[in-house]
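coords_18.pdb (PDB, C-alpha atoms) appears below.
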ATOM      1  CA  MET V   1       2.547 -72.613  20.424
ATOM      2  CA  GLU V   2       0.187 -69.787  19.605
ATOM      3  CA  LYS V   3       3.105 -68.124  17.890
ATOM      4  CA  ASP V   4       3.659 -71.208  15.770
ATOM      5  CA  VAL V   5       0.011 -71.321  14.772
ATOM      6  CA  LEU V   6       0.075 -67.615  13.930
ATOM      7  CA  GLN V   7       3.204 -68.036  11.841
ATOM      8  CA  ASP V   8       1.694 -71.026  10.016
ATOM      9  CA  ALA V   9      -1.452 -69.019   9.323
ATOM     10  CA  GLU V  10       0.539 -66.050   8.030
ATOM     11  CA  GLU V  11       2.646 -68.296   5.822
ATOM     12  CA  THR V  12      -0.492 -69.934   4.460
ATOM     13  CA  VAL V  13      -2.060 -66.520   3.681
ATOM     14  CA  GLU V  14       1.152 -65.313   2.013
ATOM     15  CA  THR V  15       1.392 -68.501  -0.052
ATOM     16  CA  GLU V  16      -2.220 -68.198  -1.134
ATOM     17  CA  ALA V  17      -1.744 -64.497  -1.990
ATOM     18  CA  THR V  18       1.382 -65.308  -4.025
ATOM     19  CA  GLU V  19      -0.442 -68.081  -5.855
ATOM     20  CA  GLU V  20      -3.370 -65.750  -6.605
ATOM     21  CA  THR V  21      -1.003 -63.051  -7.898
ATOM     22  CA  THR V  22       0.745 -65.596 -10.080
ATOM     23  CA  GLU V  23      -2.588 -66.815 -11.411
ATOM     24  CA  VAL V  24      -3.681 -63.227 -12.156
ATOM     25  CA  ASN V  25      -0.374 -62.496 -13.922
ATOM     26  CA  GLU V  26      -0.663 -65.717 -15.916
ATOM     27  CA  GLU V  27      -4.227 -64.863 -16.886
ATOM     28  CA  SER V  28      -3.344 -61.321 -18.016
ATOM     29  CA  ALA V  29      -0.337 -62.637 -19.963
ATOM     30  CA  THR V  30      -2.573 -65.206 -21.611
ATOM     31  CA  GLU V  31      -5.137 -62.511 -22.460
ATOM     32  CA  GLU V  32      -2.415 -60.282 -23.998
ATOM     33  CA  ALA V  33      -1.077 -63.197 -26.028
ATOM     34  CA  VAL V  34      -4.587 -63.946 -27.265
ATOM     35  CA  GLU V  35      -5.119 -60.272 -28.206
ATOM     36  CA  CYS V  36      -1.777 -60.134 -30.081
ATOM     37  CA  SER V  37      -2.517 -63.319 -31.979
ATOM     38  CA  GLU V  38      -5.997 -61.983 -32.831
ATOM     39  CA  GLU V  39      -4.432 -58.760 -34.228
ATOM     40  CA  GLU V  40      -1.925 -60.756 -36.279
ATOM     41  CA  GLN V  41      -4.693 -62.962 -37.570
ATOM     42  CA  GLY V  42      -6.691 -59.825 -38.469
ATOM     43  CA  GLU V  43      -3.764 -58.438 -40.480
ATOM     44  CA  GLU V  44      -3.194 -61.781 -42.191
ATOM     45  CA  GLU V  45      -6.890 -62.041 -42.953
ATOM     46  CA  ALA V  46      -6.848 -58.500 -44.398
ATOM     47  CA  ALA V  47      -3.909 -59.441 -46.613
ATOM     48  CA  ASP V  48      -5.542 -62.733 -47.516
ATOM     49  CA  SER V  49      -8.885 -61.059 -48.108
ATOM     50  CA  LYS V  50      -7.291 -58.719 -50.688
ATOM     51  CA  ASP V  51      -8.299 -59.793 -54.141
ATOM     52  CA  PRO V  52      -5.440 -61.375 -56.150
ATOM     53  CA  LYS V  53      -6.355 -59.012 -58.978
ATOM     54  CA  ASP V  54      -5.708 -56.030 -56.691
ATOM     55  CA  VAL V  55      -2.350 -57.466 -55.639
ATOM     56  CA  LYS V  56      -1.395 -57.994 -59.282
ATOM     57  CA  PHE V  57      -2.654 -54.498 -60.163
ATOM     58  CA  ASP V  58      -0.508 -52.957 -57.389
ATOM     59  CA  GLU V  59       2.559 -54.850 -58.627
ATOM     60  CA  LEU V  60       2.005 -53.800 -62.233
ATOM     61  CA  ASN V  61       1.268 -50.204 -61.244
ATOM     62  CA  ASP V  62       4.500 -50.042 -59.239
ATOM     63  CA  LYS V  63       6.423 -51.514 -62.176
ATOM     64  CA  TYR V  64       4.827 -49.002 -64.561
ATOM     65  CA  GLN V  65       5.732 -46.038 -62.342
ATOM     66  CA  ARG V  66       9.355 -47.179 -62.099
ATOM     67  CA  LEU V  67       9.623 -47.665 -65.868
ATOM     68  CA  PHE V  68       8.031 -44.281 -66.508
ATOM     69  CA  ALA V  69      10.524 -42.557 -64.158
ATOM     70  CA  GLU V  70      13.430 -44.333 -65.875
ATOM     71  CA  PHE V  71      12.121 -43.263 -69.280
ATOM     72  CA  GLN V  72      11.811 -39.622 -68.150
ATOM     73  CA  ASN V  73      15.418 -39.689 -66.884
ATOM     74  CA  PHE V  74      16.578 -41.233 -70.165
ATOM     75  CA  ARG V  75      14.727 -38.609 -72.208
ATOM     76  CA  ASN V  76      16.189 -35.723 -70.157
ATOM     77  CA  ARG V  77      19.689 -37.170 -70.467
ATOM     78  CA  SER V  78      19.240 -37.623 -74.241
ATOM     79  CA  GLU V  79      18.069 -34.013 -74.649
ATOM     80  CA  LYS V  80      21.127 -32.724 -72.787
ATOM     81  CA  GLU V  81      23.465 -34.875 -74.880
ATOM     82  CA  LYS V  82      21.789 -33.786 -78.107
ATOM     83  CA  SER V  83      22.035 -30.123 -77.113
ATOM     84  CA  SER V  84      25.709 -30.410 -76.178
ATOM     85  CA  MET V  85      26.481 -32.264 -79.434
ATOM     86  CA  PHE V  86      24.718 -29.543 -81.430
ATOM     87  CA  ASP V  87      26.702 -26.835 -79.622
ATOM     88  CA  MET V  88      29.967 -28.678 -80.274
ATOM     89  CA  GLY V  89      29.131 -29.039 -83.967
ATOM     90  CA  ALA V  90      28.107 -25.387 -84.249
ATOM     91  CA  ARG V  91      31.293 -24.341 -82.478
ATOM     92  CA  ASN V  92      33.442 -26.314 -84.944
ATOM     93  CA  VAL V  93      31.665 -24.761 -87.949
ATOM     94  CA  ILE V  94      32.007 -21.260 -86.483
ATOM     95  CA  GLU V  95      35.737 -21.771 -85.819
ATOM     96  CA  LYS V  96      36.218 -22.716 -89.485
ATOM     97  CA  PHE V  97      34.079 -19.808 -90.693
ATOM     98  CA  LEU V  98      35.881 -17.066 -88.712
ATOM     99  CA  PRO V  99      38.908 -16.852 -91.066
ATOM    100  CA  VAL V 100      36.475 -16.044 -93.920
ATOM    101  CA  VAL V 101      35.062 -13.167 -91.844
ATOM    102  CA  ASP V 102      38.622 -11.992 -91.103
ATOM    103  CA  ASN V 103      39.458 -11.987 -94.823
ATOM    104  CA  PHE V 104      36.335  -9.953 -95.624
ATOM    105  CA  GLU V 105      37.332  -7.403 -92.979
ATOM    106  CA  ARG V 106      40.880  -7.193 -94.371
ATOM    107  CA  GLY V 107      39.550  -6.858 -97.929
ATOM    108  CA  LEU V 108      37.161  -4.054 -96.936
ATOM    109  CA  ALA V 109      39.911  -2.271 -94.957
ATOM    110  CA  SER V 110      42.227  -2.342 -97.985
ATOM    111  CA  LEU V 111      39.674  -0.734-100.337
ATOM    112  CA  SER V 112      39.964   2.954-101.093
ATOM    113  CA  GLU V 113      36.965   5.297-100.871
ATOM    114  CA  GLU V 114      36.510   5.033-104.645
ATOM    115  CA  ASP V 115      36.627   1.226-104.642
ATOM    116  CA  LEU V 116      34.230   1.052-101.701
ATOM    117  CA  ALA V 117      31.721   3.199-103.630
ATOM    118  CA  SER V 118      31.949   0.912-106.675
ATOM    119  CA  PRO V 119      29.370  -1.872-107.156
ATOM    120  CA  VAL V 120      31.957  -4.527-106.236
ATOM    121  CA  GLY V 121      32.896  -2.684-103.025
ATOM    122  CA  GLN V 122      29.247  -2.179-102.121
ATOM    123  CA  GLY V 123      28.555  -5.885-102.770
ATOM    124  CA  MET V 124      31.455  -6.923-100.515
ATOM    125  CA  ASP V 125      30.218  -4.578 -97.800
ATOM    126  CA  MET V 126      26.669  -5.970 -98.011
ATOM    127  CA  ILE V 127      27.909  -9.578 -97.860
ATOM    128  CA  TYR V 128      30.101  -8.754 -94.843
ATOM    129  CA  LYS V 129      27.193  -7.092 -93.028
ATOM    130  CA  GLN V 130      24.955 -10.083 -93.758
ATOM    131  CA  MET V 131      27.603 -12.497 -92.381
ATOM    132  CA  ALA V 132      28.053 -10.380 -89.256
ATOM    133  CA  LYS V 133      24.269 -10.256 -88.677
ATOM    134  CA  THR V 134      23.965 -14.026 -89.175
ATOM    135  CA  LEU V 135      26.731 -14.653 -86.641
ATOM    136  CA  VAL V 136      24.990 -12.421 -84.095
ATOM    137  CA  ASP V 137      21.672 -14.194 -84.751
ATOM    138  CA  ILE V 138      23.143 -17.617 -83.927
ATOM    139  CA  GLY V 139      24.797 -16.347 -80.733
ATOM    140  CA  VAL V 140      28.308 -15.366 -81.878
ATOM    141  CA  GLU V 141      29.564 -12.048 -80.516
ATOM    142  CA  ALA V 142      32.813 -10.175 -81.040
ATOM    143  CA  ILE V 143      34.921  -9.628 -77.917
ATOM    144  CA  GLU V 144      35.514  -5.970 -77.136
ATOM    145  CA  ALA V 145      39.195  -5.434 -76.596
ATOM    146  CA  GLU V 146      40.671  -2.067 -77.558
ATOM    147  CA  GLY V 147      40.797   0.352 -74.611
ATOM    148  CA  LYS V 148      39.577  -2.328 -72.170
ATOM    149  CA  GLU V 149      41.543  -3.837 -69.299
ATOM    150  CA  PHE V 150      43.484  -6.939 -70.309
ATOM    151  CA  ASN V 151      41.609 -10.114 -69.388
ATOM    152  CA  PRO V 152      43.502 -13.383 -69.961
ATOM    153  CA  GLU V 153      40.200 -15.276 -70.243
ATOM    154  CA  LEU V 154      39.236 -13.187 -73.294
ATOM    155  CA  HIS V 155      42.495 -11.800 -74.656
ATOM    156  CA  ASN V 156      45.760 -13.293 -75.880
ATOM    157  CA  ALA V 157      48.633 -10.798 -75.396
ATOM    158  CA  VAL V 158      51.171 -11.090 -78.206
ATOM    159  CA  MET V 159      52.919  -7.726 -77.742
ATOM    160  CA  GLN V 160      53.753  -5.231 -75.027
ATOM    161  CA  VAL V 161      53.830  -1.535 -75.877
ATOM    162  CA  GLU V 162      54.471   1.686 -73.998
ATOM    163  CA  ASN V 163      51.750   4.291 -74.152
ATOM    164  CA  GLU V 164      51.556   7.432 -71.988
ATOM    165  CA  GLU V 165      47.856   8.005 -72.700
ATOM    166  CA  LEU V 166      46.630   4.598 -71.524
ATOM    167  CA  GLU V 167      46.912   2.986 -68.107
ATOM    168  CA  GLU V 168      49.077  -0.054 -67.487
ATOM    169  CA  ASN V 169      47.537  -3.453 -68.327
ATOM    170  CA  THR V 170      45.158  -1.899 -70.887
ATOM    171  CA  VAL V 171      44.687  -3.242 -74.412
ATOM    172  CA  ALA V 172      46.357  -0.756 -76.781
ATOM    173  CA  GLN V 173      45.495  -2.431 -80.074
ATOM    174  CA  GLU V 174      43.475  -5.395 -81.281
ATOM    175  CA  LEU V 175      45.460  -7.377 -83.838
ATOM    176  CA  GLN V 176      42.828 -10.088 -84.459
ATOM    177  CA  LYS V 177      39.209 -10.123 -83.324
ATOM    178  CA  GLY V 178      38.093 -12.672 -80.788
ATOM    179  CA  TYR V 179      34.635 -14.210 -80.609
ATOM    180  CA  THR V 180      32.358 -15.915 -78.097
ATOM    181  CA  TYR V 181      29.549 -18.392 -78.806
ATOM    182  CA  LYS V 182      26.742 -18.406 -76.232
ATOM    183  CA  GLY V 183      29.113 -16.924 -73.657
ATOM    184  CA  ALA V 184      31.990 -19.388 -74.260
ATOM    185  CA  VAL V 185      35.175 -18.152 -75.928
ATOM    186  CA  ILE V 186      35.674 -19.598 -79.409
ATOM    187  CA  ARG V 187      38.742 -17.555 -80.254
ATOM    188  CA  HIS V 188      40.689 -15.205 -77.994
ATOM    189  CA  SER V 189      41.411 -11.684 -79.195
ATOM    190  CA  MET V 190      45.056 -11.156 -80.164
ATOM    191  CA  VAL V 191      46.090  -7.890 -78.565
ATOM    192  CA  SER V 192      48.970  -5.665 -77.600
ATOM    193  CA  VAL V 193      49.018  -4.590 -73.942
ATOM    194  CA  VAL V 194      50.354  -1.403 -72.343
ATOM    195  CA  THR V 195      53.274  -1.772 -69.923
ATOM    196  CA  LYS V 196      55.087   0.972 -68.027
TER     197      LYS V 196
END

In structure tokens, write the structure found in this file.
Amino acid sequence: MEKDVLQDAEETVETEATEETTEVNEESATEEAVECSEEEQGEEEAADSKDPKDVKFDELNDKYQRLFAEFQNFRNRSEKEKSSMFDMGARNVIEKFLPVVDNFERGLASLSEEDLASPVGQGMDMIYKQMAKTLVDIGVEAIEAEGKEFNPELHNAVMQVENEELEENTVAQELQKGYTYKGAVIRHSMVSVVTK
């Protein structure tokens, strides 16, 4: 019977301890929930306390920054397009102008020493030099070919010749000058290449 009383007492103590623990856990959970709701209310109050003018200002400022970035991108893209269109137009004009330069070179090469010393010959020579200088000033350069190694990106081989003095795959003679504009080939040089 003493054992039964002891067991009942122990069970009662355990039950009371369990109830106390549960109450403590419930209280701490309630306190945490209250703290969380207070934090949320604080954030909501901070958002609510923000002046509507400030909210509108932030929205408009964000919109302005986005529009400004889009405008900058548009302006950069337009500049690139304008530059490429100018280069294409210049390239077309230069391609049409090169035969005139070729004809001046042929005309000067066909003149004798006497004709070259005459006023007409001197005038032709001065005009040719002025054209050549103008082409260089705008970025047009003649491709060096004769005596150089054949390069299919710069040269167009139209003949093969045998030559003991030059190495194989070397340009023996330039038949028509080639030109580049700002590093891009406008017209390939027509050349004859050494084969063995």

Straight-line distance linking atom CA of V:Val185 with atom CA of V:Gln130, stated in Å to one decimal: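 That distance, rounded to one decimal, is 22.1 Å.
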
Selected residue of minimal separation from V:Asn151 among V:Met126, V:Val191, V:Ala117, V:Asn92, counting all atoms listed in the file: V:Val191

Atom CA of V:Glu149 to atom CA of V:Ala184, distance in Å rounded to a single decimal: 18.9 Å

Between atom CA of V:Ala157 and atom CA of V:Ala172, distance in Å (one decimal): 10.4 Å

Selection dump of the PyMOL selection byres ((chain V and resi 164) around 10), as number ranges by chain: V: 162-163, 165-168, 194-196
